[in-house]
Amino acid sequence: MPIRRRIPERALRPIVAVLRTKPGKQLVSQLLRSELGVTALRSLGDESRSPLPFAALPIAARRERSRASSHLGPPVPPAWPPTSRTIQHAVRTGKLTAEQVAERALDAARNLAAHRLSLGPLVDTDPVRALSAARLSTARLRSGSQLGPFDGVPTAIKEEVNVLGMATRMGTGWLPQRPAHADAAAVDRLRAQGAVVLGQTSMTEYGLSPLGANAHREMPRNPHNISHLAGGSSTGSAVGVSTGVFCVALGVDGGGSIRVPASHCGVFGLKPTFGRIPLSGHGTGGGGSMLHIGPIAASCYDIAAFVEIAAGPDGVDAACEAAPKLETGELVQALGRGVRGLSIGVVESQWSAASKEVTDPGRESLKALEQAGARLVPVEIPGVAHAPALGYLTLGLEFFSGFSTGARQHLSELGPDVQLVILALGACEPDDYLDAQCIREKLRRDTAAVLRSVDVLALPTTADIAPEASDSGTFFDPQALDAACRFAFLANLTGLPAGTAPVGRAQNGLPLGLQIVGDAWDEATVLQVLAELERCGAARVVRPPSGVDVLADT
């Protein structure tokens, strides 16, 4: 019997109680396995599998990636929302100080949190250190000695990543308020370039939901329609950028957790290549083979600048040792290439699986790229339909294996939706993970083969609009879960860079996204396409009713 309806929190608790019994665990696990496509994996023939891989490093389709450039320069900053360039210009010219910008951002976050249905993006703040850093930035910007593109620019960090002096609570209610002793590598690099870290953004519990609900947080709703969720798990990061509180924020993506909320909130997001940005300082102490740190931002320029700052080996995360070095300005320069002569593979099977509300603006944005000189090529990737099931198994079991004894002892303190997931994972077959990796390896190789014939892949970011929120709190909804994740998992399983651009809006005002996936280590070409969408107006960040302008005259 498939699960077709949303299960509200009041009904989840008795289901969790049943799951704690051996017969109940087997029954519910079988239902979930069938609903999420895991059962179908076992029936695939040998031709759908490759030998068990020994590494999760991405497979590069091409060695040579030189691209012609039209030398257009980065897209012009919009009038709204503020971007790093407009913020630095305001400080440099004396319109505002960086301290005033930071104070306005903190005030805006507090005001948004006070709404009847919260839109507050921050779960914790560090105003003393933020304002001190901003004061130094003002002096540097006005003397012409800025440290980098984010000097004096407010930013925020998902509570999944260590921030000095703050507790990395992973969206939970039980983890202790134990301050981190050091910044994560990516956070340290942002601070070294002058970024003003306001605090931490809220996330769904352990990042296990892409929808944006959490029993332990007053999660921000969707800024464009507060009766809907904002997406997850990097919920606060996306809401903060969408409302204009800050122009760039750090997110973490294991199955769409950057791209899904960015799409639902109508902003830009990028999951870089696996190993491009160190996971050192991630709250789990490890991360698995599918997690990526990356930016959610108001513009492509801010995306490119973030990756250039945060990328590179740190001597701790071994996956970063394989990453080719990014030259200074390489990604920012790619924003000006244009798309003339670029081949874009349109994964038709993925488009046919999305709702019309998603596909219509997505197709229009592809036409805009074609008019700008790109070539659209219909392509198919064998086995891509099984990416969601592979993603659920891989991400879920990697999390389950690293789930500490202490956390198991606190199972009853987790949200009922998360308890259901964890208990169901405990009923997996002994070889589920290994078999999934063999199928995943075949998908990785097949995707690389397609990328030898085209420059990037285009597919929807999500299959549907952001789901409605529930008055009862958390819930479990396999269909909404699938709609959020089904097109995102391909890039996580392969480790390939993938970005999303806001390319339209549904009738109820909710934003929609187009996803671009590139070859391994080729963030530059992904950004090249996103920048053209921004430049020609096919993608733009629309101000929501709750939007604020931290640069406006008061």
# chains A, B, ... in the order shown; residues from 1 in each chain; ligands from 1
call {"tool": "residues_around", "arguments": {"residues": "Leu190 in chain A", "least_positions_apart": "5", "cutoff": "8 Å", "atoms": "only C-alpha atoms", "output": "VMD selection string"}}
result
chain A and resid 150 195 306 309 to 310
call {"tool": "residues_around", "arguments": {"residues": "Gly256 in chain A", "least_positions_apart": "3", "cutoff": "9 Å", "atoms": "only C-alpha atoms", "output": "list in words"}}
result
Pro210, Gly232, Ser233, Val252, Asp253, Arg259, Val260, Pro261, Lys271, Thr461, Ala484, Cys485, Arg486, Phe487, Ala488, Phe489, Ala491 and Asn492 of chain A
call {"tool": "residues_around", "arguments": {"residues": "Ala61 in chain A", "least_positions_apart": "6", "cutoff": "8 Å", "atoms": "only C-alpha atoms", "output": "list of chain:residue names"}}
result
A:Ala448, A:Ala449, A:Leu451, A:Arg452, A:Asp519, A:Ala520
call {"tool": "closest_residue", "arguments": {"among": "A:Arg276, A:His410, A:Arg20, A:Arg178", "to": "Pro497 in chain A", "atoms": "only C-alpha atoms"}}
result
A:Arg276
call {"tool": "residues_around", "arguments": {"residues": "Ala436 in chain A", "least_positions_apart": "4", "cutoff": "7 Å", "atoms": "only C-alpha atoms", "output": "PyMOL selection string"}}
result
chain A and resi 390+432+440
call {"tool": "write_last_selection", "arguments": {"atoms": "all heavy atoms", "output": "PDB file, in the first residue's frame"}}
result
ATOM      1  N   LEU A 390      18.775   6.151  -5.098  1.00  0.00           N
ATOM      2  CA  LEU A 390      20.193   6.025  -4.745  1.00  0.00           C
ATOM      3  C   LEU A 390      20.593   7.103  -3.739  1.00  0.00           C
ATOM      4  O   LEU A 390      21.374   6.861  -2.819  1.00  0.00           O
ATOM      5  CB  LEU A 390      21.057   6.157  -6.000  1.00  0.00           C
ATOM      6  CG  LEU A 390      20.979   5.012  -7.014  1.00  0.00           C
ATOM      7  CD1 LEU A 390      21.715   5.400  -8.292  1.00  0.00           C
ATOM      8  CD2 LEU A 390      21.565   3.742  -6.423  1.00  0.00           C
ATOM      9  N   ASP A 432      22.349  -3.154   1.222  1.00  0.00           N
ATOM     10  CA  ASP A 432      21.700  -2.039   0.524  1.00  0.00           C
ATOM     11  C   ASP A 432      22.706  -0.981   0.097  1.00  0.00           C
ATOM     12  O   ASP A 432      22.684  -0.503  -1.044  1.00  0.00           O
ATOM     13  CB  ASP A 432      20.641  -1.392   1.424  1.00  0.00           C
ATOM     14  CG  ASP A 432      19.267  -2.033   1.281  1.00  0.00           C
ATOM     15  OD1 ASP A 432      19.042  -2.735   0.293  1.00  0.00           O
ATOM     16  OD2 ASP A 432      18.420  -1.816   2.170  1.00  0.00           O
ATOM     17  N   ARG A 440      25.259   3.427  -8.413  1.00  0.00           N
ATOM     18  CA  ARG A 440      25.706   4.825  -8.452  1.00  0.00           C
ATOM     19  C   ARG A 440      26.920   4.989  -9.349  1.00  0.00           C
ATOM     20  O   ARG A 440      26.993   5.956 -10.130  1.00  0.00           O
ATOM     21  CB  ARG A 440      26.042   5.280  -7.032  1.00  0.00           C
ATOM     22  CG  ARG A 440      26.650   6.667  -6.924  1.00  0.00           C
ATOM     23  CD  ARG A 440      27.112   6.937  -5.493  1.00  0.00           C
ATOM     24  NE  ARG A 440      27.669   8.260  -5.317  1.00  0.00           N
ATOM     25  CZ  ARG A 440      28.180   8.715  -4.186  1.00  0.00           C
ATOM     26  NH1 ARG A 440      28.194   7.930  -3.098  1.00  0.00           N
ATOM     27  NH2 ARG A 440      28.678   9.938  -4.100  1.00  0.00           N
TER      28      ARG A 440
END
call {"tool": "residues_around", "arguments": {"residues": "Leu393 in chain A", "least_positions_apart": "6", "cutoff": "10 Å", "atoms": "only C-alpha atoms", "output": "ChimeraX atom specification"}}
result
/A:33,36-38,387,399,425,428,432-437
call {"tool": "residues_around", "arguments": {"residues": "Gly473 in chain A", "least_positions_apart": "2", "cutoff": "12 Å", "atoms": "only C-alpha atoms", "output": "list in words"}}
result
Ile7, Pro8, Glu9, Arg10, Ala11, Leu12, Gly212, Ala213, Asn214, Ala215, His216, Arg217, Glu218, Met219, Arg221, Leu229, Gly415, Pro416, Asp417, Glu468, Ala469, Ser470, Asp471, Phe475 and Phe476 of chain A
call {"tool": "select_by_dssp", "arguments": {"residues": "range 162-199 of chain A", "states": "alpha helix (DSSP H)", "output": "PyMOL selection string"}}
result
chain A and resi 185-192
call {"tool": "residues_around", "arguments": {"residues": "range 86-101 of chain A", "least_positions_apart": "2", "cutoff": "10 Å", "atoms": "only C-alpha atoms", "output": "PyMOL selection string"}}
result
chain A and resi 77-84+103-107+130-144+146+149-154+196+245-247+549-553
call {"tool": "atom_distance", "arguments": {"atom1": "CA of Val248 in chain A", "atom2": "CA of Ser299 in chain A"}}
result
8.5 Å
call {"tool": "atom_distance", "arguments": {"atom1": "CA of His282 in chain A", "atom2": "CA of Val161 in chain A"}}
result
4.6 Å
call {"tool": "closest_residue", "arguments": {"among": "A:Ala498, A:Ala192, A:Arg6, A:Ala323", "to": "Ser472 in chain A", "atoms": "only C-alpha atoms"}}
result
A:Arg6
